[in-house]
Every structure is written in structure tokens, then in C-alpha cells.
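Asker: Got a structure here, written out as C-alpha cells. Questions coming.
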Amino acid sequence: VTAFTLQGSVSLTGVDPTGLLAWLCPLDLPLVEAFDNPRRWPQSRPDAEGRFELGAPEPGAWRLVLKHATPNSEWVLIDEVRLVGSRTAWELALPTGTVVVAGLAEGDPAEDVPPLVYCWEDEAGRLYLRLLAPGRDGTCTLDHVPAGTGRLVRPSEELLLTPDAWPLALAFEVPAGEQVRVAAP
């Protein structure tokens with residue numbers, strides 16, 4: 001039974017919202033476990049205008065996950081939402097830029113933990129994480145990442161469940177509508 005509804009609207013400049021998948025999961029779930037939804041929680045795909053609706057059985061704090069996954073790119077945007085009353089509105093509109101990371105080693109697909117992950121977080125605590133998939137030339141282009149301070153962080157097996165504790169490798173500004181090129185640390 002879904003007595004409480006989140007009515008969402010998402011817009012990231014240059015991103016087709018119909019390529020996203022959204023779900024709500026419990027806030028007490030370890031963050032990394034929220035990255036995938038093997039149909040544990042109801043899902044919604046935003047329409048062409050970025051509107052979507054999700055239900056929850058009870059009010060209170062939930063974790064909203066928006067995921068984009070293709071064979072060449074995977075990222076998640078995570079926000080804490082508080083459902084109050086029968087309908088709660090949520091809206092996010094972000095300008096984006098492009099990051100080109102050069103000097104990456106081609107990763108081993110068998111490795112569970114990538115050497116670097118792109119991370120963005122705003123003052124409201126919304127978190128964007130993206131895997132880097134370098135080509136044969138050691139370059140990875142990350143199109144349509146949120147504008148602002150971007151970071152390359154180093155995940156580790158020991159800290160896998162706490163992305164906020166991953167060590168910083170490099171921080172840089174991503175201007176809206178522009179491209180920034182950085183060298184892998």
C-alpha cells in the first residue's frame with residue numbers, strides 16, 4: 001500500500017529524463033546498497049518533462065535515487081526527502097557541464113572497486129556519483145555532470161559503504177555549459 005506519494009520533477013541540462021529510473025528506499029539502508037534496485041522498491045521512469053511519481057507505505061525520511069545507466073555510462077543522484085501528508089512535491093533543476101579526465105589507466109572489469117569515482121555534492125546534501133570508464137587512450141569524458149565543484153575520489157574496499165569517507169584525489173570547478181579538462185591524479 002502506498003499511502004504517501006512523492007511527486008517529482010527533475011531537469012539536468014542536456015539529459016533526457018526518460019533515460020532515468022527513480023525509486024525511494026529506506027534512509028537507514030547503507031548508501032552504496034541504494035545504488036541498485038533489483039525491484040526491491042517501486043520504480044518510476046520520468047516522462048519527457050522530467051515528472052515522475054513514487055509511493056511509500058509511510059511518511060518520514062526516505063532516500064530518493066535517480067539512476068542513469070547505459071553500457072558506457074552509469075551515475076546516480078541521491079537526495080534525502082521527507083514525505084509529509086498524502087502528497088509531497090520534490091523538484092530539482094541543475095545546470096551541467098562536461099569533464100574530461102585524461103591519464104587514466106584502463107580498469108580491470110573484474111575489479112569490484114574502481115580506482116576513481118567522480119563526485120558532486122551541493123549545500124543541500126544532494127549527491128551525484130559517476131563511474132569513470134576510460135577508453136583505450138586513457139581519457140574519460142563525463143557529459144552533463146552538475147555544474148559546481150567536482151571531485152575525483154578514491155573508493156576503497158574498507159570504506160565501500162561510506163562514500164562520504166572516500167579520500168579526495170582532486171577537486172576542480174565545472175562551469176555551467178562548459179568543458180573542463182583535468183589530469184588524473
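Chains: A, B, ... in order of the C-alpha cells. Residues: from 1 per chain. Ligands: from 1, in order shown.
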Out of segment 1-183 of chain A, which residues get strand (DSSP E) from DSSP, as an MDAnalysis selection string?
Answerer: chainID A and resid 4:12 20:26 43:44 51:56 60:70 73:83 87:94 96:102 117:121 127:131 140:146 148:153 168:174 179:183
Asker: Determine, counting only C-alpha atoms, which protein, DNA and RNA residues have an atom within 10 Å of an atom of segment 26-41 of chain A; residues of the same chain fewer than 4 positions away are not included. Present the result as a JSON list (two decimals) with N, CA and C atoms, in the first residue's frame.
Answerer:
```
[["chain", "number", "residue", "atom", "x", "y", "z"],
["A", 21, "LEU", "N", 15.87, 6.35, -14.08],
["A", 21, "LEU", "CA", 14.99, 5.48, -13.29],
["A", 21, "LEU", "C", 15.02, 6.02, -11.87],
["A", 22, "ALA", "N", 13.87, 6.18, -11.24],
["A", 22, "ALA", "CA", 13.78, 6.75, -9.90],
["A", 22, "ALA", "C", 13.16, 5.74, -8.95],
["A", 54, "LEU", "N", 6.30, 8.55, -7.14],
["A", 54, "LEU", "CA", 6.68, 7.36, -6.37],
["A", 54, "LEU", "C", 5.85, 7.29, -5.11],
["A", 55, "GLY", "N", 5.56, 6.08, -4.67],
["A", 55, "GLY", "CA", 4.78, 5.90, -3.47],
["A", 55, "GLY", "C", 5.59, 5.23, -2.37],
["A", 56, "ALA", "N", 5.17, 5.47, -1.13],
["A", 56, "ALA", "CA", 5.79, 4.86, 0.03],
["A", 56, "ALA", "C", 4.69, 4.47, 1.02],
["A", 60, "GLY", "N", 7.71, 10.27, 6.45],
["A", 60, "GLY", "CA", 9.03, 10.38, 7.07],
["A", 60, "GLY", "C", 10.13, 10.50, 6.05],
["A", 61, "ALA", "N", 11.36, 10.25, 6.52],
["A", 61, "ALA", "CA", 12.55, 10.42, 5.70],
["A", 61, "ALA", "C", 12.79, 9.18, 4.84],
["A", 62, "TRP", "N", 13.06, 9.43, 3.55],
["A", 62, "TRP", "CA", 13.37, 8.40, 2.57],
["A", 62, "TRP", "C", 14.55, 8.87, 1.74],
["A", 63, "ARG", "N", 15.19, 7.96, 1.07],
["A", 63, "ARG", "CA", 16.27, 8.30, 0.15],
["A", 63, "ARG", "C", 15.72, 8.17, -1.26],
["A", 64, "LEU", "N", 15.79, 9.27, -2.02],
["A", 64, "LEU", "CA", 15.38, 9.27, -3.42],
["A", 64, "LEU", "C", 16.62, 9.01, -4.26],
["A", 65, "VAL", "N", 16.55, 8.02, -5.14],
["A", 65, "VAL", "CA", 17.66, 7.68, -6.02],
["A", 65, "VAL", "C", 17.19, 7.87, -7.47],
["A", 66, "LEU", "N", 17.98, 8.62, -8.23],
["A", 66, "LEU", "CA", 17.78, 8.75, -9.67],
["A", 66, "LEU", "C", 19.00, 8.14, -10.31],
["A", 67, "LYS", "N", 18.79, 7.15, -11.18],
["A", 67, "LYS", "CA", 19.92, 6.45, -11.78],
["A", 67, "LYS", "C", 19.83, 6.51, -13.30],
["A", 75, "TRP", "N", 25.56, 6.60, -13.59],
["A", 75, "TRP", "CA", 25.62, 7.55, -12.49],
["A", 75, "TRP", "C", 24.34, 7.52, -11.67],
["A", 76, "VAL", "N", 24.46, 8.02, -10.43],
["A", 76, "VAL", "CA", 23.31, 8.14, -9.55],
["A", 76, "VAL", "C", 23.29, 9.54, -8.95],
["A", 77, "LEU", "N", 22.10, 10.03, -8.71],
["A", 77, "LEU", "CA", 21.87, 11.27, -7.99],
["A", 77, "LEU", "C", 20.99, 10.91, -6.80],
["A", 78, "ILE", "N", 21.42, 11.27, -5.62],
["A", 78, "ILE", "CA", 20.73, 10.84, -4.40],
["A", 78, "ILE", "C", 20.34, 12.06, -3.57],
["A", 79, "ASP", "N", 19.14, 12.05, -3.03],
["A", 79, "ASP", "CA", 18.66, 13.13, -2.18],
["A", 79, "ASP", "C", 17.82, 12.54, -1.06],
["A", 80, "GLU", "N", 17.90, 13.14, 0.10],
["A", 80, "GLU", "CA", 17.03, 12.75, 1.21],
["A", 80, "GLU", "C", 15.74, 13.56, 1.07],
["A", 81, "VAL", "N", 14.62, 12.87, 1.10],
["A", 81, "VAL", "CA", 13.32, 13.54, 1.01],
["A", 81, "VAL", "C", 12.49, 13.19, 2.24],
["A", 129, "LEU", "N", 27.14, 10.68, -8.02],
["A", 129, "LEU", "CA", 28.31, 9.82, -8.16],
["A", 129, "LEU", "C", 28.30, 9.20, -9.54],
["A", 160, "LEU", "N", 33.86, 1.06, 1.46],
["A", 160, "LEU", "CA", 32.92, 0.93, 0.34],
["A", 160, "LEU", "C", 31.52, 1.41, 0.70],
["A", 161, "LEU", "N", 31.08, 1.20, 1.92],
["A", 161, "LEU", "CA", 29.71, 1.54, 2.29],
["A", 161, "LEU", "C", 29.55, 2.99, 2.73],
["A", 162, "THR", "N", 30.64, 3.77, 2.75],
["A", 162, "THR", "CA", 30.55, 5.16, 3.19],
["A", 162, "THR", "C", 31.25, 6.09, 2.19],
["A", 163, "PRO", "N", 30.61, 6.40, 1.07],
["A", 163, "PRO", "CA", 31.23, 7.25, 0.04],
["A", 163, "PRO", "C", 31.70, 8.61, 0.56],
["A", 164, "ASP", "N", 31.05, 9.14, 1.60],
["A", 164, "ASP", "CA", 31.48, 10.44, 2.11],
["A", 164, "ASP", "C", 32.85, 10.37, 2.78]]
```
Asker: Of the residues A:Thr98, A:Pro115, A:Glu173, A:Ala69, which is the one nearest to Gly148 of chain A, using only C-alpha atoms?
Answerer: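 Once distances to Gly148 of chain A are computed over only C-alpha atoms, the minimum belongs to A:Glu173.
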Asker: List every residue of chain A that DSSP, applied to the backbone, labels as helix (DSSP H, G or I), and write the result as number ranges by chain.
Answerer: A: 17-19, 31-35, 163-165
Asker: For the residues in the current selection, export N, CA and C atoms as a PDB file, in the first residue's frame.
Answerer:
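Done, and the output landed in part-v5.pdb:
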```
ATOM      1  N   PRO A  17      15.371  13.074 -19.502  1.00  0.00           N
ATOM      2  CA  PRO A  17      14.879  12.493 -18.251  1.00  0.00           C
ATOM      3  C   PRO A  17      14.256  11.107 -18.430  1.00  0.00           C
ATOM      4  N   THR A  18      13.823  10.766 -19.650  1.00  0.00           N
ATOM      5  CA  THR A  18      13.218   9.451 -19.849  1.00  0.00           C
ATOM      6  C   THR A  18      14.257   8.337 -19.754  1.00  0.00           C
ATOM      7  N   GLY A  19      15.541   8.692 -19.737  1.00  0.00           N
ATOM      8  CA  GLY A  19      16.605   7.706 -19.569  1.00  0.00           C
ATOM      9  C   GLY A  19      16.938   7.437 -18.113  1.00  0.00           C
ATOM     10  N   LEU A  31      24.295   3.598   2.071  1.00  0.00           N
ATOM     11  CA  LEU A  31      24.198   4.365   0.834  1.00  0.00           C
ATOM     12  C   LEU A  31      24.539   3.546  -0.403  1.00  0.00           C
ATOM     13  N   VAL A  32      25.614   2.784  -0.362  1.00  0.00           N
ATOM     14  CA  VAL A  32      26.027   2.021  -1.540  1.00  0.00           C
ATOM     15  C   VAL A  32      24.982   0.971  -1.917  1.00  0.00           C
ATOM     16  N   GLU A  33      24.262   0.442  -0.940  1.00  0.00           N
ATOM     17  CA  GLU A  33      23.215  -0.535  -1.245  1.00  0.00           C
ATOM     18  C   GLU A  33      22.037   0.090  -1.964  1.00  0.00           C
ATOM     19  N   ALA A  34      21.905   1.406  -1.886  1.00  0.00           N
ATOM     20  CA  ALA A  34      20.807   2.097  -2.561  1.00  0.00           C
ATOM     21  C   ALA A  34      21.075   2.298  -4.045  1.00  0.00           C
ATOM     22  N   PHE A  35      22.328   2.065  -4.500  1.00  0.00           N
ATOM     23  CA  PHE A  35      22.694   2.334  -5.885  1.00  0.00           C
ATOM     24  C   PHE A  35      21.989   1.427  -6.880  1.00  0.00           C
ATOM     25  N   PRO A 163      30.606   6.397   1.066  1.00  0.00           N
ATOM     26  CA  PRO A 163      31.231   7.250   0.041  1.00  0.00           C
ATOM     27  C   PRO A 163      31.699   8.607   0.564  1.00  0.00           C
ATOM     28  N   ASP A 164      31.047   9.143   1.602  1.00  0.00           N
ATOM     29  CA  ASP A 164      31.480  10.440   2.113  1.00  0.00           C
ATOM     30  C   ASP A 164      32.852  10.368   2.780  1.00  0.00           C
ATOM     31  N   ALA A 165      33.352   9.161   3.060  1.00  0.00           N
ATOM     32  CA  ALA A 165      34.678   8.993   3.664  1.00  0.00           C
ATOM     33  C   ALA A 165      35.752   8.652   2.629  1.00  0.00           C
TER      34      ALA A 165
END
```
Asker: Restricting the calculation to only C-alpha atoms: of A:Glu178, A:Glu58, A:Asp143, A:Glu91, which residue gets closest to Leu24 of chain A?
Answerer: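 Residue with the minimum atom-to-atom distance to Leu24 of chain A: A:Glu58.
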Asker: Please provide the set of residues having any atom within 10 Å of Cys140 of chain A, restricted to only C-alpha atoms, with same-chain residues fewer than 6 positions apart removed, written as a compact mmCIF listing (two decimals) with all heavy atoms, in the first residue's frame.
Answerer:
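Okay, this is what ended up in result_31.txt:
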```txt
# COMPACT_ATOMS: atom_id res chain seq x y z
N VAL A 99 33.21 17.17 -18.09
CA VAL A 99 34.54 16.94 -17.53
C VAL A 99 35.25 15.90 -18.39
O VAL A 99 34.68 14.86 -18.69
CB VAL A 99 34.45 16.42 -16.07
CG1 VAL A 99 35.84 16.07 -15.54
CG2 VAL A 99 33.77 17.44 -15.17
N VAL A 100 36.48 16.22 -18.79
CA VAL A 100 37.32 15.27 -19.50
C VAL A 100 38.48 14.94 -18.56
O VAL A 100 39.21 15.85 -18.14
CB VAL A 100 37.85 15.83 -20.83
CG1 VAL A 100 38.76 14.82 -21.52
CG2 VAL A 100 36.69 16.21 -21.74
N VAL A 101 38.59 13.67 -18.20
CA VAL A 101 39.67 13.23 -17.32
C VAL A 101 40.67 12.48 -18.19
O VAL A 101 40.32 11.48 -18.83
CB VAL A 101 39.16 12.32 -16.19
CG1 VAL A 101 40.30 11.93 -15.26
CG2 VAL A 101 38.03 13.00 -15.41
N ALA A 102 41.90 12.96 -18.23
CA ALA A 102 42.95 12.34 -19.04
C ALA A 102 43.95 11.63 -18.14
O ALA A 102 44.06 11.91 -16.95
CB ALA A 102 43.66 13.41 -19.87
N GLY A 103 44.68 10.68 -18.73
CA GLY A 103 45.73 9.99 -17.99
C GLY A 103 45.25 8.87 -17.11
O GLY A 103 45.91 8.50 -16.14
N LEU A 104 44.10 8.30 -17.43
CA LEU A 104 43.56 7.18 -16.66
C LEU A 104 44.09 5.86 -17.19
O LEU A 104 44.25 5.70 -18.40
CB LEU A 104 42.03 7.16 -16.73
CG LEU A 104 41.30 8.35 -16.08
CD1 LEU A 104 39.86 8.38 -16.55
CD2 LEU A 104 41.38 8.22 -14.57
N GLU A 106 43.38 1.98 -18.00
CA GLU A 106 42.20 1.19 -18.29
C GLU A 106 41.95 0.25 -17.12
O GLU A 106 42.85 -0.46 -16.69
CB GLU A 106 42.39 0.39 -19.58
CG GLU A 106 41.22 0.58 -20.52
CD GLU A 106 41.37 -0.20 -21.81
OE1 GLU A 106 42.48 -0.23 -22.36
OE2 GLU A 106 40.36 -0.77 -22.24
N LEU A 131 30.70 6.66 -12.28
CA LEU A 131 31.85 5.81 -12.56
C LEU A 131 32.62 6.36 -13.76
O LEU A 131 32.01 6.88 -14.70
CB LEU A 131 31.40 4.38 -12.84
CG LEU A 131 30.70 3.66 -11.69
CD1 LEU A 131 30.23 2.28 -12.15
CD2 LEU A 131 31.64 3.53 -10.51
N LEU A 132 33.93 6.24 -13.72
CA LEU A 132 34.78 6.65 -14.84
C LEU A 132 35.08 5.41 -15.67
O LEU A 132 35.48 4.39 -15.14
CB LEU A 132 36.09 7.25 -14.33
CG LEU A 132 36.04 8.73 -13.94
CD1 LEU A 132 35.21 8.94 -12.71
CD2 LEU A 132 37.43 9.25 -13.74
N ALA A 133 34.85 5.52 -16.97
CA ALA A 133 35.12 4.41 -17.89
C ALA A 133 36.08 4.92 -18.97
O ALA A 133 35.65 5.41 -20.01
CB ALA A 133 33.83 3.90 -18.51
N PRO A 134 37.39 4.80 -18.71
CA PRO A 134 38.34 5.33 -19.70
C PRO A 134 38.40 4.49 -20.96
O PRO A 134 38.21 3.28 -20.93
CB PRO A 134 39.68 5.28 -18.96
CG PRO A 134 39.51 4.22 -17.93
CD PRO A 134 38.04 4.23 -17.56
N ARG A 181 39.00 20.23 -18.49
CA ARG A 181 39.86 19.08 -18.70
C ARG A 181 40.80 18.97 -17.51
O ARG A 181 41.42 19.98 -17.12
CB ARG A 181 40.64 19.26 -19.99
CG ARG A 181 41.44 18.04 -20.39
CD ARG A 181 42.07 18.26 -21.78
NE ARG A 181 42.82 17.09 -22.19
CZ ARG A 181 42.32 16.08 -22.88
NH1 ARG A 181 41.06 16.12 -23.25
NH2 ARG A 181 43.08 15.05 -23.21
N ALA A 184 44.28 12.95 -14.45
CA ALA A 184 44.04 12.02 -13.35
C ALA A 184 45.20 12.12 -12.36
O ALA A 184 46.35 12.19 -12.77
CB ALA A 184 43.92 10.60 -13.88
```
Asker: Quick one, how far is atom CA of Leu127 of chain A from atom CA of Ala3 of chain A?
Answerer: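 Separation of atom CA of Leu127 of chain A and atom CA of Ala3 of chain A: 27.1 Å.
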Asker: Would you mind listing what lies within 10 Å of Ser9 of chain A as an mmCIF file with N, CA, C and O atoms, in the first residue's frame, with only C-alpha atoms counted and same-chain residues fewer than 5 positions away left out?
Answerer:
```
data_model
loop_
_atom_site.group_PDB
_atom_site.id
_atom_site.type_symbol
_atom_site.label_atom_id
_atom_site.label_comp_id
_atom_site.auth_asym_id
_atom_site.auth_seq_id
_atom_site.Cartn_x
_atom_site.Cartn_y
_atom_site.Cartn_z
ATOM 1 N N PRO A 17 15.371 13.074 -19.502
ATOM 2 C CA PRO A 17 14.879 12.493 -18.251
ATOM 3 C C PRO A 17 14.256 11.107 -18.430
ATOM 4 O O PRO A 17 14.199 10.330 -17.476
ATOM 5 N N PRO A 46 10.856 8.944 -15.307
ATOM 6 C CA PRO A 46 10.295 10.263 -15.598
ATOM 7 C C PRO A 46 9.822 10.380 -17.045
ATOM 8 O O PRO A 46 10.359 9.731 -17.938
ATOM 9 N N ASP A 47 8.818 11.227 -17.243
ATOM 10 C CA ASP A 47 8.339 11.486 -18.592
ATOM 11 C C ASP A 47 9.269 12.493 -19.275
ATOM 12 O O ASP A 47 10.286 12.902 -18.708
ATOM 13 N N GLU A 49 9.086 15.556 -19.709
ATOM 14 C CA GLU A 49 9.241 16.813 -18.971
ATOM 15 C C GLU A 49 9.950 16.601 -17.632
ATOM 16 O O GLU A 49 10.122 17.545 -16.867
ATOM 17 N N GLY A 50 10.331 15.370 -17.327
ATOM 18 C CA GLY A 50 11.046 15.078 -16.084
ATOM 19 C C GLY A 50 10.158 14.787 -14.887
ATOM 20 O O GLY A 50 10.635 14.648 -13.773
ATOM 21 N N ARG A 51 8.862 14.662 -15.106
ATOM 22 C CA ARG A 51 7.922 14.402 -13.996
ATOM 23 C C ARG A 51 7.835 12.910 -13.709
ATOM 24 O O ARG A 51 7.815 12.084 -14.632
ATOM 25 N N PHE A 52 7.763 12.587 -12.433
ATOM 26 C CA PHE A 52 7.588 11.194 -12.018
ATOM 27 C C PHE A 52 6.848 11.159 -10.693
ATOM 28 O O PHE A 52 6.716 12.181 -10.011
ATOM 29 N N GLU A 53 6.368 9.978 -10.336
ATOM 30 C CA GLU A 53 5.637 9.804 -9.085
ATOM 31 C C GLU A 53 6.060 8.491 -8.448
ATOM 32 O O GLU A 53 6.189 7.471 -9.118
ATOM 33 N N ALA A 89 5.810 17.333 -2.851
ATOM 34 C CA ALA A 89 6.448 17.764 -4.093
ATOM 35 C C ALA A 89 7.966 17.780 -3.911
ATOM 36 O O ALA A 89 8.473 18.124 -2.839
ATOM 37 N N TRP A 90 8.675 17.400 -4.971
ATOM 38 C CA TRP A 90 10.145 17.459 -4.995
ATOM 39 C C TRP A 90 10.541 17.939 -6.375
ATOM 40 O O TRP A 90 10.013 17.469 -7.382
ATOM 41 N N GLU A 91 11.477 18.898 -6.426
ATOM 42 C CA GLU A 91 11.900 19.439 -7.711
ATOM 43 C C GLU A 91 13.398 19.702 -7.690
ATOM 44 O O GLU A 91 13.943 20.157 -6.682
ATOM 45 N N LEU A 92 14.056 19.410 -8.807
ATOM 46 C CA LEU A 92 15.477 19.670 -8.938
ATOM 47 C C LEU A 92 15.776 20.045 -10.378
ATOM 48 O O LEU A 92 15.416 19.318 -11.306
ATOM 49 N N ALA A 93 16.404 21.193 -10.566
ATOM 50 C CA ALA A 93 16.848 21.639 -11.888
ATOM 51 C C ALA A 93 18.306 22.065 -11.745
ATOM 52 O O ALA A 93 18.618 22.952 -10.949
#
```
Asker: Measuring between only C-alpha atoms, which one of A:Ser11, A:Thr149, A:Val117, A:Arg126 shows the shortest distance to Leu94 of chain A?
Answerer: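 Distance minimum relative to Leu94 of chain A lands on A:Ser11.
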Asker: If we count only C-alpha atoms and set the cut-off at 8 Å, which residues sit around Arg87 of chain A, ignoring sequence neighbours fewer than 2 positions away in its own chain? Please answer as a list in words.
Answerer: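 These residues fall inside the cut-off: Phe4, Thr5, Leu6, Gln7, Leu83, Val84, Gly85 and Ala89 of chain A.
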Asker: Write to file, as a PDB file, in the first residue's frame, the residues of the selection just made, with N, CA, C and O atoms.
Answerer:
```
ATOM      1  N   PHE A   4       1.495   7.361   0.737  1.00  0.00           N
ATOM      2  CA  PHE A   4       2.222   8.623   0.673  1.00  0.00           C
ATOM      3  C   PHE A   4       2.948   8.702  -0.661  1.00  0.00           C
ATOM      4  O   PHE A   4       3.640   7.772  -1.049  1.00  0.00           O
ATOM      5  N   THR A   5       2.781   9.830  -1.366  1.00  0.00           N
ATOM      6  CA  THR A   5       3.293   9.954  -2.730  1.00  0.00           C
ATOM      7  C   THR A   5       4.273  11.109  -2.842  1.00  0.00           C
ATOM      8  O   THR A   5       4.021  12.198  -2.328  1.00  0.00           O
ATOM      9  N   LEU A   6       5.368  10.836  -3.537  1.00  0.00           N
ATOM     10  CA  LEU A   6       6.324  11.870  -3.900  1.00  0.00           C
ATOM     11  C   LEU A   6       6.060  12.215  -5.358  1.00  0.00           C
ATOM     12  O   LEU A   6       6.107  11.342  -6.229  1.00  0.00           O
ATOM     13  N   GLN A   7       5.747  13.484  -5.620  1.00  0.00           N
ATOM     14  CA  GLN A   7       5.561  13.954  -6.984  1.00  0.00           C
ATOM     15  C   GLN A   7       6.801  14.743  -7.355  1.00  0.00           C
ATOM     16  O   GLN A   7       7.027  15.838  -6.830  1.00  0.00           O
ATOM     17  N   LEU A  83       8.631  12.720   3.307  1.00  0.00           N
ATOM     18  CA  LEU A  83       7.242  12.629   2.869  1.00  0.00           C
ATOM     19  C   LEU A  83       6.337  13.085   4.005  1.00  0.00           C
ATOM     20  O   LEU A  83       6.421  12.561   5.120  1.00  0.00           O
ATOM     21  N   VAL A  84       5.493  14.073   3.712  1.00  0.00           N
ATOM     22  CA  VAL A  84       4.539  14.597   4.684  1.00  0.00           C
ATOM     23  C   VAL A  84       3.189  14.696   3.989  1.00  0.00           C
ATOM     24  O   VAL A  84       3.108  15.060   2.831  1.00  0.00           O
ATOM     25  N   GLY A  85       2.154  14.352   4.692  1.00  0.00           N
ATOM     26  CA  GLY A  85       0.841  14.373   4.067  1.00  0.00           C
ATOM     27  C   GLY A  85       0.754  13.314   2.985  1.00  0.00           C
ATOM     28  O   GLY A  85       1.655  12.501   2.808  1.00  0.00           O
ATOM     29  N   ALA A  89       5.810  17.333  -2.851  1.00  0.00           N
ATOM     30  CA  ALA A  89       6.448  17.764  -4.093  1.00  0.00           C
ATOM     31  C   ALA A  89       7.966  17.780  -3.911  1.00  0.00           C
ATOM     32  O   ALA A  89       8.473  18.124  -2.839  1.00  0.00           O
TER      33      ALA A  89
END
```
Asker: Mind pulling up the distance from atom CA of Arg130 of chain A to atom CA of Ser73 of chain A?
Answerer: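 It comes out at 7.9 Å.
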Asker: From the set A:Glu74, A:Pro42, A:Gly135, A:Glu123, which residue has the shortest atom-to-atom contact distance to Pro57 of chain A, counting only C-alpha atoms?
Answerer: A:Pro42
Asker: As an exercise, work out the distance from atom CA of Arg45 of chain A to atom CA of Val153 of chain A in Å and give it to one decimal place.
Answerer: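 Distance reported for this atom pair: 29.0 Å.
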Asker: Determine the nearest neighbour of Thr88 of chain A from the options A:Pro185, A:Gly138, A:Pro146, A:Gly8, counting only C-alpha atoms.
Answerer: A:Gly8
Asker: Nearest residue to Trp166 of chain A out of A:His144, A:Gly125, A:Leu116, A:Ala48, using only C-alpha atoms?
Answerer: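 Nearest to Trp166 of chain A: A:Leu116.
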